[in-house]
>>> print(open('upload_19.csv').read())   # CSV, C-alpha atoms
chain,number,residue,atom,x,y,z
A,4,MET,CA,0.0,0.0,0.0
A,5,LYS,CA,2.8,2.4,0.9
A,6,LYS,CA,4.5,1.7,-2.4
A,7,TRP,CA,1.3,2.6,-4.4
A,8,MET,CA,0.8,5.7,-2.3
A,9,LEU,CA,4.3,6.8,-3.2
A,10,ILE,CA,3.7,6.2,-6.9
A,11,ILE,CA,0.5,8.2,-6.9
A,12,ALA,CA,2.2,11.1,-4.9
A,13,THR,CA,5.0,11.1,-7.5
A,14,LEU,CA,2.6,11.3,-10.4
A,15,ILE,CA,0.8,14.2,-8.8
A,16,PHE,CA,4.2,16.0,-8.4
A,17,ILE,CA,5.6,15.4,-11.9
A,18,LEU,CA,2.5,15.6,-14.1
A,19,PRO,CA,1.5,19.1,-15.3
A,20,ALA,CA,-2.0,20.1,-14.1
A,21,THR,CA,-3.6,19.7,-17.5
A,22,ALA,CA,-2.3,16.2,-17.8
A,23,TRP,CA,-3.2,15.1,-14.3
A,24,ARG,CA,-6.7,16.3,-14.4
A,25,ASP,CA,-7.2,14.1,-17.5
A,26,PHE,CA,-5.2,11.1,-16.3
A,27,HIS,CA,-8.4,9.2,-15.3
A,28,THR,CA,-9.3,8.9,-19.0
A,29,MET,CA,-8.0,5.3,-19.0
A,30,ASN,CA,-11.0,4.3,-16.9
A,31,GLU,CA,-13.6,5.9,-19.1
A,32,ASP,CA,-16.4,3.5,-20.2
A,33,HIS,CA,-16.0,4.1,-23.9
A,34,PRO,CA,-13.8,1.3,-25.3
A,35,THR,CA,-11.4,2.1,-28.1
A,36,LEU,CA,-12.0,0.5,-31.5
A,37,ALA,CA,-9.8,-2.6,-31.9
A,38,ILE,CA,-7.2,-3.1,-34.6
A,39,GLY,CA,-8.8,-4.9,-37.5
A,40,SER,CA,-12.3,-3.5,-36.9
A,41,PRO,CA,-14.3,-1.9,-39.7
A,42,ALA,CA,-14.6,1.9,-39.7
A,43,PRO,CA,-17.9,2.9,-38.1
A,44,ASP,CA,-19.9,5.1,-40.5
A,45,PHE,CA,-20.8,8.6,-39.7
A,46,ASN,CA,-22.9,11.5,-41.0
A,47,LEU,CA,-21.5,14.7,-39.5
A,48,MET,CA,-21.4,18.3,-40.5
A,49,ASP,CA,-18.2,20.1,-41.3
A,50,VAL,CA,-17.6,23.7,-40.3
A,51,SER,CA,-18.4,24.7,-43.9
A,52,GLY,CA,-21.9,23.3,-43.6
A,53,LYS,CA,-21.2,20.3,-45.7
A,54,THR,CA,-22.1,16.8,-44.4
A,55,TYR,CA,-19.5,14.0,-44.6
A,56,SER,CA,-19.8,10.2,-44.3
A,57,LEU,CA,-17.4,7.3,-45.0
A,58,SER,CA,-18.6,7.3,-48.6
A,59,SER,CA,-17.3,10.8,-49.0
A,60,PHE,CA,-13.8,9.3,-48.9
A,61,LYS,CA,-14.5,6.2,-50.9
A,62,ASN,CA,-11.8,7.0,-53.5
A,63,ALA,CA,-9.0,7.3,-50.9
A,64,LYS,CA,-6.7,4.3,-50.4
A,65,ILE,CA,-6.1,5.3,-46.8
A,66,LEU,CA,-8.4,7.2,-44.5
A,67,VAL,CA,-7.0,9.0,-41.4
A,68,VAL,CA,-9.5,10.0,-38.8
A,69,ILE,CA,-8.3,12.3,-36.1
A,70,PHE,CA,-10.3,13.1,-33.0
A,71,THR,CA,-9.3,16.6,-31.9
A,72,CYS,CA,-10.7,19.8,-30.5
A,73,ASN,CA,-10.2,23.5,-29.9
A,74,HIS,CA,-9.5,23.9,-26.2
A,75,CYS,CA,-6.9,21.3,-25.5
A,76,PRO,CA,-3.3,22.6,-25.5
A,77,THR,CA,-2.0,19.3,-26.8
A,78,ALA,CA,-4.6,19.4,-29.6
A,79,GLN,CA,-3.6,22.9,-30.5
A,80,ALA,CA,0.1,21.9,-30.6
A,81,TYR,CA,-0.8,19.4,-33.3
A,82,GLU,CA,-2.9,21.6,-35.5
A,83,ASP,CA,0.0,22.7,-37.8
A,84,ARG,CA,1.2,19.2,-38.0
A,85,ILE,CA,-2.2,17.9,-39.1
A,86,ILE,CA,-2.3,20.6,-41.7
A,87,GLN,CA,1.1,19.6,-42.9
A,88,LEU,CA,0.2,15.9,-43.0
A,89,THR,CA,-2.8,16.7,-45.1
A,90,SER,CA,-0.8,18.7,-47.5
A,91,ASP,CA,2.1,16.1,-47.7
A,92,TYR,CA,-0.3,13.3,-48.6
A,93,LYS,CA,-2.9,15.2,-50.6
A,94,ASN,CA,-1.6,13.7,-53.9
A,95,LYS,CA,-0.9,10.2,-52.5
A,96,ASN,CA,-4.6,9.0,-52.3
A,97,VAL,CA,-4.7,9.7,-48.5
A,98,ALA,CA,-7.7,11.4,-47.0
A,99,VAL,CA,-7.6,13.2,-43.6
A,100,VAL,CA,-10.6,14.1,-41.6
A,101,ALA,CA,-10.9,15.5,-38.1
A,102,ILE,CA,-13.8,15.0,-35.7
A,103,MET,CA,-14.5,17.1,-32.7
A,104,PRO,CA,-15.9,14.7,-30.0
A,105,ASN,CA,-16.5,17.0,-27.0
A,106,ASP,CA,-19.8,18.1,-25.5
A,107,ASN,CA,-19.1,21.8,-25.0
A,108,ARG,CA,-21.6,21.7,-22.1
A,109,ALA,CA,-19.2,19.3,-20.3
A,110,LEU,CA,-16.3,21.6,-20.5
A,111,ARG,CA,-15.4,23.6,-17.4
A,112,LEU,CA,-14.2,27.1,-17.6
A,113,ASP,CA,-11.0,26.3,-15.8
A,114,GLU,CA,-10.3,23.7,-18.5
A,115,LEU,CA,-10.0,26.6,-21.0
A,116,ASP,CA,-6.9,28.0,-19.3
A,117,PHE,CA,-4.7,27.3,-22.4
A,118,SER,CA,-7.3,28.4,-25.0
A,119,ASP,CA,-9.2,31.4,-26.4
A,120,LEU,CA,-12.0,29.2,-27.7
A,121,GLY,CA,-14.3,26.5,-26.4
A,122,ASP,CA,-15.5,23.4,-28.3
A,123,SER,CA,-18.8,24.7,-29.7
A,124,PHE,CA,-19.6,24.4,-33.4
A,125,ASP,CA,-19.3,28.2,-33.8
A,126,ASP,CA,-15.9,28.1,-32.0
A,127,MET,CA,-14.8,25.3,-34.4
A,128,LYS,CA,-15.7,27.5,-37.4
A,129,THR,CA,-13.6,30.3,-35.9
A,130,ARG,CA,-10.5,28.1,-35.3
A,131,ALA,CA,-10.8,26.4,-38.7
A,132,ALA,CA,-11.0,29.8,-40.5
A,133,GLU,CA,-8.1,31.3,-38.5
A,134,LYS,CA,-5.8,28.3,-39.0
A,135,LYS,CA,-7.0,27.7,-42.6
A,136,PHE,CA,-7.7,24.0,-42.0
A,137,ASN,CA,-7.2,22.0,-45.2
A,138,PHE,CA,-9.2,19.0,-44.0
A,139,PRO,CA,-12.8,18.6,-43.0
A,140,TYR,CA,-13.5,19.4,-39.3
A,141,LEU,CA,-16.6,17.6,-38.3
A,142,TYR,CA,-18.8,18.2,-35.3
A,143,ASP,CA,-19.9,15.3,-33.0
A,144,GLY,CA,-20.3,17.3,-29.8
A,145,GLU,CA,-24.1,17.3,-29.8
A,146,THR,CA,-24.7,13.5,-29.5
A,147,GLU,CA,-21.2,12.1,-29.5
A,148,THR,CA,-22.6,9.0,-31.2
A,149,VAL,CA,-19.7,8.6,-33.6
A,150,SER,CA,-17.1,9.3,-31.0
A,151,LYS,CA,-18.5,6.5,-28.7
A,152,LYS,CA,-18.2,4.0,-31.6
A,153,TYR,CA,-14.5,4.9,-32.1
A,154,GLY,CA,-13.7,5.4,-28.5
A,155,PRO,CA,-10.9,8.1,-28.5
A,156,ILE,CA,-9.0,8.3,-25.3
A,157,ALA,CA,-7.8,11.9,-25.5
A,158,THR,CA,-7.3,14.7,-28.0
A,159,PRO,CA,-5.7,14.2,-30.5
A,160,HIS,CA,-6.3,10.5,-31.1
A,161,VAL,CA,-5.5,9.0,-34.6
A,162,PHE,CA,-7.3,6.2,-36.3
A,163,ILE,CA,-5.9,5.0,-39.7
A,164,PHE,CA,-7.9,2.7,-42.0
A,165,ASP,CA,-6.8,0.8,-45.1
A,166,LYS,CA,-8.6,0.7,-48.5
A,167,GLU,CA,-11.0,-1.9,-47.1
A,168,ARG,CA,-11.6,0.5,-44.2
A,169,LYS,CA,-10.2,-1.9,-41.6
A,170,LEU,CA,-8.4,-0.2,-38.7
A,171,ARG,CA,-4.6,-0.6,-39.1
A,172,TYR,CA,-3.3,2.0,-36.6
A,173,ASN,CA,-4.7,3.6,-33.5
A,174,GLY,CA,-2.8,5.9,-31.2
A,175,ARG,CA,-0.8,9.1,-31.0
A,176,PHE,CA,0.1,11.4,-33.9
A,177,ASP,CA,3.8,11.3,-32.9
A,178,ASP,CA,5.9,11.2,-29.7
A,179,THR,CA,6.4,14.9,-29.1
A,180,GLU,CA,3.4,17.0,-27.8
A,181,SER,CA,5.4,20.2,-27.7
A,182,PRO,CA,5.6,22.1,-31.0
A,183,PHE,CA,9.1,23.4,-29.9
A,184,LYS,CA,10.8,20.0,-29.5
A,185,PRO,CA,12.0,17.6,-32.2
A,186,VAL,CA,9.9,14.6,-33.1
A,187,LYS,CA,11.6,11.2,-32.8
A,188,SER,CA,8.9,8.8,-33.6
A,189,THR,CA,6.6,9.8,-36.5
A,190,ASP,CA,4.0,7.1,-35.8
A,191,THR,CA,1.2,8.4,-38.0
A,192,LYS,CA,3.4,8.9,-41.0
A,193,ASN,CA,5.1,5.5,-40.5
A,194,ALA,CA,1.7,3.8,-40.5
A,195,ILE,CA,0.5,5.7,-43.6
A,196,ASP,CA,3.8,5.0,-45.5
A,197,ALA,CA,3.6,1.3,-44.7
A,198,LEU,CA,0.0,1.1,-46.0
A,199,LEU,CA,0.8,3.0,-49.1
A,200,ASN,CA,3.5,0.4,-49.8
A,201,ASP,CA,1.2,-2.5,-49.0
A,202,LYS,CA,3.2,-3.4,-45.9
A,203,GLU,CA,2.3,-4.2,-42.3
A,204,VAL,CA,2.1,-1.1,-40.0
A,205,PRO,CA,5.3,-1.4,-37.8
A,206,VAL,CA,3.6,-0.1,-34.6
A,207,LYS,CA,-0.2,-0.7,-34.6
A,208,THR,CA,-1.1,0.9,-31.3
A,209,THR,CA,0.4,3.4,-28.9
A,210,LYS,CA,-0.8,5.2,-25.8
A,211,VAL,CA,-2.3,8.6,-26.3
A,212,PHE,CA,-1.5,11.7,-24.3
A,213,GLY,CA,-3.8,14.8,-24.2
A,214,CYS,CA,-7.0,16.2,-22.7
A,215,SER,CA,-9.7,13.7,-21.9
A,216,ILE,CA,-12.8,13.5,-24.0
A,217,LYS,CA,-15.6,15.7,-22.6
A,218,TRP,CA,-18.3,13.1,-22.6
A,219,ALA,CA,-21.8,14.4,-21.8
A,220,GLU,CA,-21.9,12.8,-18.4
A,221,LYS,CA,-19.2,15.3,-17.3
A,222,GLN,CA,-21.8,18.0,-17.3
A,223,GLU,CA,-22.2,17.1,-13.7
A,224,LEU,CA,-18.6,18.3,-13.0
A,225,VAL,CA,-19.4,21.6,-14.7
A,226,ALA,CA,-22.4,22.1,-12.4
A,227,LYS,CA,-20.3,21.3,-9.3
A,228,ALA,CA,-17.6,23.8,-10.4
A,229,ALA,CA,-20.3,26.5,-10.8
A,230,GLU,CA,-21.6,25.7,-7.3
A,231,ALA,CA,-18.1,26.0,-5.8
A,232,TRP,CA,-17.5,29.4,-7.5
A,233,ALA,CA,-20.8,30.7,-6.3
A,234,LYS,CA,-19.7,30.1,-2.7
A,235,GLU,CA,-16.4,32.1,-3.0
A,236,PRO,CA,-16.4,35.3,-0.9
A,237,VAL,CA,-16.9,38.6,-2.6
A,238,THR,CA,-15.3,41.8,-1.2
A,239,VAL,CA,-14.8,45.4,-2.3
A,240,ASP,CA,-12.1,47.7,-0.9
A,241,THR,CA,-11.6,51.4,-1.3
A,242,ILE,CA,-8.6,52.7,-3.3
A,243,ASN,CA,-7.2,56.2,-4.0
A,244,GLU,CA,-5.0,57.6,-6.7
A,245,GLU,CA,-1.7,56.3,-5.3
A,246,GLY,CA,-3.2,52.8,-4.9
A,247,ILE,CA,-4.3,52.8,-8.5
A,248,LYS,CA,-0.8,54.0,-9.7
A,249,SER,CA,0.6,51.1,-7.7
A,250,LEU,CA,-1.7,48.6,-9.4
A,251,LEU,CA,-0.6,49.9,-12.8
A,252,LYS,CA,3.1,49.5,-11.9
A,253,ASN,CA,2.2,45.8,-11.4
A,254,SER,CA,5.0,44.6,-9.1
A,255,SER,CA,3.5,41.1,-9.2
A,256,ASP,CA,4.6,38.3,-11.5
A,257,LYS,CA,1.2,38.1,-13.1
A,258,LEU,CA,-0.5,39.4,-16.2
A,259,ARG,CA,-3.0,41.9,-14.7
A,260,LEU,CA,-6.3,42.7,-16.3
A,261,ILE,CA,-8.0,45.9,-15.0
A,262,ASN,CA,-11.5,46.9,-15.8
A,263,VAL,CA,-12.9,50.3,-14.7
A,264,TRP,CA,-16.7,50.3,-14.6
A,265,ALA,CA,-19.7,51.8,-12.7
A,266,THR,CA,-23.1,50.5,-11.7
A,267,TRP,CA,-24.8,53.3,-13.6
A,268,CYS,CA,-23.0,52.5,-16.9
A,269,GLY,CA,-25.0,50.2,-19.1
A,270,PRO,CA,-22.2,48.9,-21.3
A,271,CYS,CA,-20.1,48.3,-18.1
A,272,THR,CA,-22.7,46.1,-16.3
A,273,LYS,CA,-23.6,44.3,-19.6
A,274,GLU,CA,-20.0,43.1,-20.2
A,275,PHE,CA,-19.0,42.6,-16.6
A,276,PRO,CA,-20.0,38.9,-16.6
A,277,ASP,CA,-17.5,38.3,-19.5
A,278,PHE,CA,-14.7,39.4,-17.2
A,279,ILE,CA,-15.8,36.9,-14.5
A,280,LEU,CA,-15.7,34.1,-17.1
A,281,ILE,CA,-12.2,35.3,-18.3
A,282,ASN,CA,-11.0,35.3,-14.7
A,283,ARG,CA,-12.3,31.7,-14.1
A,284,MET,CA,-10.6,30.6,-17.3
A,285,TYR,CA,-7.1,32.0,-16.6
A,286,ARG,CA,-6.8,32.6,-12.9
A,287,ASP,CA,-5.0,29.3,-12.2
A,288,ARG,CA,-2.1,30.6,-14.3
A,289,ASP,CA,0.0,33.7,-14.1
A,290,PHE,CA,-3.1,36.0,-14.5
A,291,GLU,CA,-5.3,38.1,-12.3
A,292,PHE,CA,-8.4,40.2,-12.8
A,293,ILE,CA,-9.0,43.4,-10.9
A,294,SER,CA,-12.2,45.6,-11.1
A,295,ILE,CA,-12.3,49.2,-10.1
A,296,SER,CA,-15.7,50.9,-9.7
A,297,ALA,CA,-16.0,54.6,-10.6
A,298,ASP,CA,-19.2,55.0,-8.5
A,299,GLU,CA,-19.3,57.7,-5.9
A,300,ALA,CA,-17.7,56.7,-2.6
A,301,ASP,CA,-21.1,56.7,-0.8
A,302,LYS,CA,-22.4,54.0,-3.2
A,303,LYS,CA,-20.3,51.2,-1.8
A,304,ASP,CA,-23.3,49.1,-0.8
A,305,ARG,CA,-24.7,49.3,-4.3
A,306,VAL,CA,-21.4,48.3,-5.8
A,307,PHE,CA,-21.1,45.4,-3.3
A,308,LYS,CA,-24.5,44.1,-4.2
A,309,PHE,CA,-23.8,44.2,-7.9
A,310,LEU,CA,-20.5,42.3,-7.4
A,311,GLN,CA,-22.2,39.7,-5.2
A,312,LYS,CA,-24.8,39.1,-7.9
A,313,GLN,CA,-21.9,38.7,-10.4
A,314,GLN,CA,-20.1,36.3,-8.1
A,315,ALA,CA,-17.0,38.5,-8.5
A,316,SER,CA,-14.6,36.8,-6.2
A,317,CYS,CA,-11.7,38.6,-7.8
A,318,LYS,CA,-10.1,41.7,-6.3
A,319,ASN,CA,-12.5,44.6,-6.4
A,320,TYR,CA,-12.0,48.3,-5.6
A,321,LEU,CA,-14.1,51.4,-5.3
A,322,CYS,CA,-12.2,54.6,-6.2
A,323,VAL,CA,-12.7,57.3,-3.5
A,324,ASP,CA,-10.5,59.9,-5.2
A,325,ASP,CA,-11.3,62.5,-7.8
A,326,LYS,CA,-12.4,60.8,-11.0
A,327,TYR,CA,-10.0,62.9,-13.1
A,328,LYS,CA,-7.2,61.6,-10.9
A,329,LEU,CA,-8.5,58.1,-11.5
A,330,ILE,CA,-8.3,58.7,-15.3
A,331,GLU,CA,-4.7,60.0,-15.2
A,332,ALA,CA,-3.6,57.2,-12.8
A,333,ILE,CA,-5.0,54.5,-15.0
A,334,ASP,CA,-3.8,55.6,-18.5
A,335,THR,CA,-2.9,59.2,-19.6
A,336,SER,CA,-4.2,58.3,-23.1
A,337,TRP,CA,-7.7,57.5,-21.7
A,338,GLN,CA,-10.3,60.3,-22.4
A,339,GLY,CA,-12.6,59.2,-19.5
A,340,ALA,CA,-15.4,57.2,-21.1
A,341,LEU,CA,-16.5,54.0,-19.4
A,342,PRO,CA,-15.9,51.2,-19.4
A,343,TYR,CA,-12.2,51.2,-19.7
A,344,THR,CA,-10.0,48.1,-19.8
A,345,VAL,CA,-6.2,47.6,-19.7
A,346,LEU,CA,-4.0,44.6,-19.6
A,347,VAL,CA,-0.7,45.2,-17.8
A,348,GLU,CA,2.4,43.1,-17.7
A,349,PRO,CA,4.7,42.9,-14.7
A,350,GLY,CA,6.7,46.1,-14.6
A,351,GLY,CA,3.8,48.3,-15.9
A,352,LYS,CA,3.8,47.7,-19.6
A,353,ILE,CA,0.3,48.1,-21.0
A,354,VAL,CA,-0.2,45.5,-23.8
A,355,TYR,CA,-3.9,46.1,-24.3
A,356,ARG,CA,-6.2,49.0,-23.8
A,357,LYS,CA,-9.8,49.6,-24.8
A,358,GLU,CA,-12.2,52.5,-24.2
A,359,GLY,CA,-15.7,51.1,-24.4
A,360,ALA,CA,-16.9,47.6,-24.5
A,361,VAL,CA,-14.2,45.0,-25.2
A,362,ASP,CA,-14.2,42.4,-28.0
A,363,VAL,CA,-14.2,39.3,-25.7
A,364,TYR,CA,-12.5,37.0,-28.2
A,365,GLU,CA,-9.9,39.5,-29.1
A,366,LEU,CA,-9.1,40.0,-25.4
A,367,LYS,CA,-8.9,36.3,-24.7
A,368,LYS,CA,-6.5,35.9,-27.7
A,369,THR,CA,-4.4,38.7,-26.3
A,370,ILE,CA,-4.2,37.1,-22.9
A,371,VAL,CA,-3.5,33.5,-24.0
A,372,ASN,CA,-0.9,34.6,-26.6
A,373,ASN,CA,1.0,36.7,-24.1
A,374,HIS,CA,4.4,35.3,-23.2
A,375,LEU,CA,3.4,35.0,-19.6
A,376,ILE,CA,0.5,32.7,-20.4
A,377,GLY,CA,0.8,30.9,-23.7
A,378,LYS,CA,-1.2,28.1,-25.4
A,379,TYR,CA,1.2,25.3,-24.5
A,380,PRO,CA,2.4,23.9,-21.1
>>> encode(input="upload_19.csv", output="C-alpha cells")
Amino acid sequence: MKKWMLIIATLIFILPATAWRDFHTMNEDHPTLAIGSPAPDFNLMDVSGKTYSLSSFKNAKILVVIFTCNHCPTAQAYEDRIIQLTSDYKNKNVAVVAIMPNDNRALRLDELDFSDLGDSFDDMKTRAAEKKFNFPYLYDGETETVSKKYGPIATPHVFIFDKERKLRYNGRFDDTESPFKPVKSTDTKNAIDALLNDKEVPVKTTKVFGCSIKWAEKQELVAKAAEAWAKEPVTVDTINEEGIKSLLKNSSDKLRLINVWATWCGPCTKEFPDFILINRMYRDRDFEFISISADEADKKDRVFKFLQKQQASCKNYLCVDDKYKLIEAIDTSWQGALPYTVLVEPGGKIVYRKEGAVDVYELKKTIVNNHLIGKYP
C-alpha cells in the first residue's frame, strides 16, 4: 500500500496540471476501436456546412480519422502538423478528416486556461478559419454518437484505416506533444507510408497523451464547479490615486487585467460577466483580474450588491479619489469614457487598452498569446 501511495504522490508531483486532471481517462467507459475493426460510419457536419460520411472518402486508399478539439493545449500543438500531414499526402490518395468529440456543455471554464476558444460548433468555425484547416473538421459534440463508436482516449487521437476500411493503426500522432521539440517517432506517417507500400504497419497501437474527451456525463462536473465558484467570498475595498498607480506599476509576477466600470454604466454592467468568465478561465495561471468601480464613494453598498450578484470573487476596488485623478492614474491616453480596460504586464507595460466595451474573443486571444500565459504547457 505504501508503495502505491508513493507512486501516486510522485505522479501528482511530476505531471502538469492539464495532464493530471485528465489522467483518469484510461478508466472511461467508452472502449477504443480494436485493430482490424471496420470503420464505423458517420454522418457529420463540417464547419463549412457540408455533411460528410465514410462514402465521402470512398476513393481514398487510406483514411486518417483524427479526434481533436479547440481547447486542449495538446490538440492545439498538433494543428499545424495535421495541416502539414494533409498537404504532404494530398496527392498520394490519402484522406484526412478531423472529428470534434467533445460536448461543450461538459467543458469547465478552468479547462479553458490554455485556450481562447471552447468546443462549440461556432468556435470550431472560428478556429478552422483562422488556422486555414485544409481538412474537414466535423462536429460530433451534440450527441457524441460517432465518438462513442471509435472510443478516442484523448485529443488528439489518430485512427488509420486501409482501403477496405479496416483499422490498421490507433494511437498518438507522434511522440512529441510540444511544437518546440524535435519529433523522434513519426507514428502516424510511419503507418501511412507502410500502408501505401502494402506493408504491415510497424507499430499498430500506442498510448495517447492529451486532454480527456468531454463526454456528456461530465456536465455534472461543470455544475459542481459552478456551485463552488458561487460560494467564493466577494469583497470590495476602497482605493485612491496612489493605490491605482501602484496597481498599474504591477509589481506582481502576473499578467494583470484591470476593468474600470460603474453600476450606472449600461455597457459596463452588460459586459462585466465576461470578465468573470475570463477570470475563471485563466486565474490558475499567471493571471489576475481586478475591477475598479468609478461609482461615488457613498455607493459602496450598491457596488457590493452588484459584485455579489456577479459572483465577483476577484479583487474589487471602489475609487474614493477625484475621477480625473483616476483617469490619469489608469492611463494618460484614456479620455474618460466608461468602461475602460487595460492589460498590464509585470513592470507596468500596458499591452492592451480599450475605451468602451471589449471584443471578448480579441481580449482572450491577447491574454492567452501573451508570453506569460501561452497556449502550450
>>> residues_around(input="upload_19.csv", residues="A:Lys273", least_positions_apart="4", cutoff="12 Å", atoms="all atoms listed in the file", output="list in words")
Trp264, Ala265, Thr266, Trp267, Cys268, Gly269, Asp277, Phe278, Ile279, Phe309, Gln313, Pro342, Gly359, Ala360 and Val361 of chain A
>>> write_last_selection(input="upload_19.csv", atoms="C-alpha atoms", output="PDB file, in the frame of the given file")
ATOM      1  CA  TRP A 264     -16.700  50.300 -14.600  1.00  0.00           C
ATOM      2  CA  ALA A 265     -19.700  51.800 -12.700  1.00  0.00           C
ATOM      3  CA  THR A 266     -23.100  50.500 -11.700  1.00  0.00           C
ATOM      4  CA  TRP A 267     -24.800  53.300 -13.600  1.00  0.00           C
ATOM      5  CA  CYS A 268     -23.000  52.500 -16.900  1.00  0.00           C
ATOM      6  CA  GLY A 269     -25.000  50.200 -19.100  1.00  0.00           C
ATOM      7  CA  ASP A 277     -17.500  38.300 -19.500  1.00  0.00           C
ATOM      8  CA  PHE A 278     -14.700  39.400 -17.200  1.00  0.00           C
ATOM      9  CA  ILE A 279     -15.800  36.900 -14.500  1.00  0.00           C
ATOM     10  CA  PHE A 309     -23.800  44.200  -7.900  1.00  0.00           C
ATOM     11  CA  GLN A 313     -21.900  38.700 -10.400  1.00  0.00           C
ATOM     12  CA  PRO A 342     -15.900  51.200 -19.400  1.00  0.00           C
ATOM     13  CA  GLY A 359     -15.700  51.100 -24.400  1.00  0.00           C
ATOM     14  CA  ALA A 360     -16.900  47.600 -24.500  1.00  0.00           C
ATOM     15  CA  VAL A 361     -14.200  45.000 -25.200  1.00  0.00           C
TER      16      VAL A 361
END
>>> residues_around(input="upload_19.csv", residues="A:Ala80", least_positions_apart="2", cutoff="8 Å", atoms="all atoms listed in the file", output="list in words")
Pro76, Thr77, Ala78, Glu82, Asp83, Arg84, Glu180, Ser181, Pro182 and Tyr379 of chain A
>>> closest_atom_pairs(input="upload_19.csv", of="stretch 178-228 of chain A", to="stretch 113-126 of chain A", cutoff="12 Å", atoms="all atoms listed in the file", output="JSON lines")
{"residue": "A:Cys214", "atom": "CA", "partner": "A:Glu114", "partner_atom": "CA", "distance": 9.2}
{"residue": "A:Ser215", "atom": "CA", "partner": "A:Glu114", "partner_atom": "CA", "distance": 10.6}
{"residue": "A:Ile216", "atom": "CA", "partner": "A:Asp122", "partner_atom": "CA", "distance": 11.1}
{"residue": "A:Lys217", "atom": "CA", "partner": "A:Asp122", "partner_atom": "CA", "distance": 9.6}
{"residue": "A:Leu224", "atom": "CA", "partner": "A:Glu114", "partner_atom": "CA", "distance": 11.3}
{"residue": "A:Val225", "atom": "CA", "partner": "A:Asp113", "partner_atom": "CA", "distance": 9.7}
{"residue": "A:Ala228", "atom": "CA", "partner": "A:Asp113", "partner_atom": "CA", "distance": 8.9}
>>> residues_around(input="upload_19.csv", residues="A:Val149", least_positions_apart="2", cutoff="9 Å", atoms="all atoms listed in the file", output="list in words")
Pro43, Asp44, Phe45, Asn46, Leu47, Ile102, Pro104, Asp143, Thr146, Glu147, Lys151, Lys152, Tyr153 and Gly154 of chain A
>>> residues_around(input="upload_19.csv", residues="stretch 327-336 of chain A", least_positions_apart="2", cutoff="8 Å", atoms="only C-alpha atoms", output="ChimeraX atom specification")
/A:243-245,247-248,251,322,324-325,338-339
>>> atom_distance(input="upload_19.csv", atom1="atom CA of A:Lys166", atom2="atom CA of A:Ser51")
26.3 Å
>>> residues_near_point(input="upload_19.csv", point="(-14.1, 46.8, 0.1)", cutoff="10 Å", atoms="only C-alpha atoms", output="PyMOL selection string")
chain A and resi 237-242+303-304+306-307+318-321
>>> residues_around(input="upload_19.csv", residues="A:Gly350", least_positions_apart="6", cutoff="10 Å", atoms="only C-alpha atoms", output="list in words")
Leu251, Lys252, Asn253, Ser254, Ser255, Asp256, Lys257 and Leu258 of chain A
>>> write_last_selection(input="upload_19.csv", atoms="C-alpha atoms", output="PDB file, in the coordinates of the input")
ATOM      1  CA  LEU A 251      -0.600  49.900 -12.800  1.00  0.00           C
ATOM      2  CA  LYS A 252       3.100  49.500 -11.900  1.00  0.00           C
ATOM      3  CA  ASN A 253       2.200  45.800 -11.400  1.00  0.00           C
ATOM      4  CA  SER A 254       5.000  44.600  -9.100  1.00  0.00           C
ATOM      5  CA  SER A 255       3.500  41.100  -9.200  1.00  0.00           C
ATOM      6  CA  ASP A 256       4.600  38.300 -11.500  1.00  0.00           C
ATOM      7  CA  LYS A 257       1.200  38.100 -13.100  1.00  0.00           C
ATOM      8  CA  LEU A 258      -0.500  39.400 -16.200  1.00  0.00           C
TER       9      LEU A 258
END
>>> atom_distance(input="upload_19.csv", atom1="atom CA of A:Pro205", atom2="atom CA of A:Asp177")
13.7 Å
>>> atom_distance(input="upload_19.csv", atom1="atom CA of A:Leu170", atom2="atom CA of A:Ser59")
17.5 Å
>>> closest_residue(input="upload_19.csv", among="A:Tyr81, A:Val100, A:Lys128, A:Ala63", to="A:Phe183", atoms="all atoms listed in the file")
A:Tyr81
>>> closest_residue(input="upload_19.csv", among="A:Arg168, A:Lys367, A:Lys312, A:Lys221", to="A:Ile281", atoms="all atoms listed in the file")
A:Lys367
>>> closest_residue(input="upload_19.csv", among="A:Glu220, A:Asp49, A:Glu203, A:Asp178", to="A:Asn107", atoms="all atoms listed in the file")
A:Glu220
>>> closest_residue(input="upload_19.csv", among="A:Ala37, A:Ala131, A:Val363, A:Leu346", to="A:Glu274", atoms="all atoms listed in the file")
A:Val363
>>> residues_near_point(input="upload_19.csv", point="(-4.5, 0.9, -45.1)", cutoff="12 Å", atoms="all atoms listed in the file", output="PyMOL selection string")
chain A and resi 38-39+41-42+63-67+96-98+162-173+191-204+207
>>> closest_residue(input="upload_19.csv", among="A:Gln314, A:Thr35, A:Asn262, A:Thr71", to="A:Tyr343", atoms="all atoms listed in the file")
A:Asn262
>>> closest_residue(input="upload_19.csv", among="A:Asn62, A:Val50, A:Ala226, A:Thr158", to="A:Asn137", atoms="all atoms listed in the file")
A:Val50
>>> decode(input="upload_19.csv", residues="stretch 194-200 of chain A", atoms="N, CA and C atoms", output="mmCIF file, in the first residue's frame")
data_model
loop_
_atom_site.group_PDB
_atom_site.id
_atom_site.type_symbol
_atom_site.label_atom_id
_atom_site.label_comp_id
_atom_site.auth_asym_id
_atom_site.auth_seq_id
_atom_site.Cartn_x
_atom_site.Cartn_y
_atom_site.Cartn_z
ATOM 1 N N ALA A 194 2.790 4.718 -40.223
ATOM 2 C CA ALA A 194 1.659 3.837 -40.534
ATOM 3 C C ALA A 194 1.147 4.099 -41.947
ATOM 4 N N ILE A 195 1.004 5.375 -42.305
ATOM 5 C CA ILE A 195 0.521 5.730 -43.644
ATOM 6 C C ILE A 195 1.478 5.217 -44.714
ATOM 7 N N ASP A 196 2.769 5.446 -44.532
ATOM 8 C CA ASP A 196 3.757 5.032 -45.525
ATOM 9 C C ASP A 196 3.764 3.513 -45.706
ATOM 10 N N ALA A 197 3.617 2.783 -44.593
ATOM 11 C CA ALA A 197 3.579 1.320 -44.683
ATOM 12 C C ALA A 197 2.374 0.870 -45.507
ATOM 13 N N LEU A 198 1.230 1.442 -45.256
ATOM 14 C CA LEU A 198 0.018 1.059 -45.976
ATOM 15 C C LEU A 198 0.086 1.448 -47.447
ATOM 16 N N LEU A 199 0.687 2.584 -47.737
ATOM 17 C CA LEU A 199 0.839 2.996 -49.140
ATOM 18 C C LEU A 199 1.714 2.021 -49.919
ATOM 19 N N ASN A 200 2.612 1.358 -49.193
ATOM 20 C CA ASN A 200 3.515 0.392 -49.816
ATOM 21 C C ASN A 200 3.065 -1.045 -49.590
#
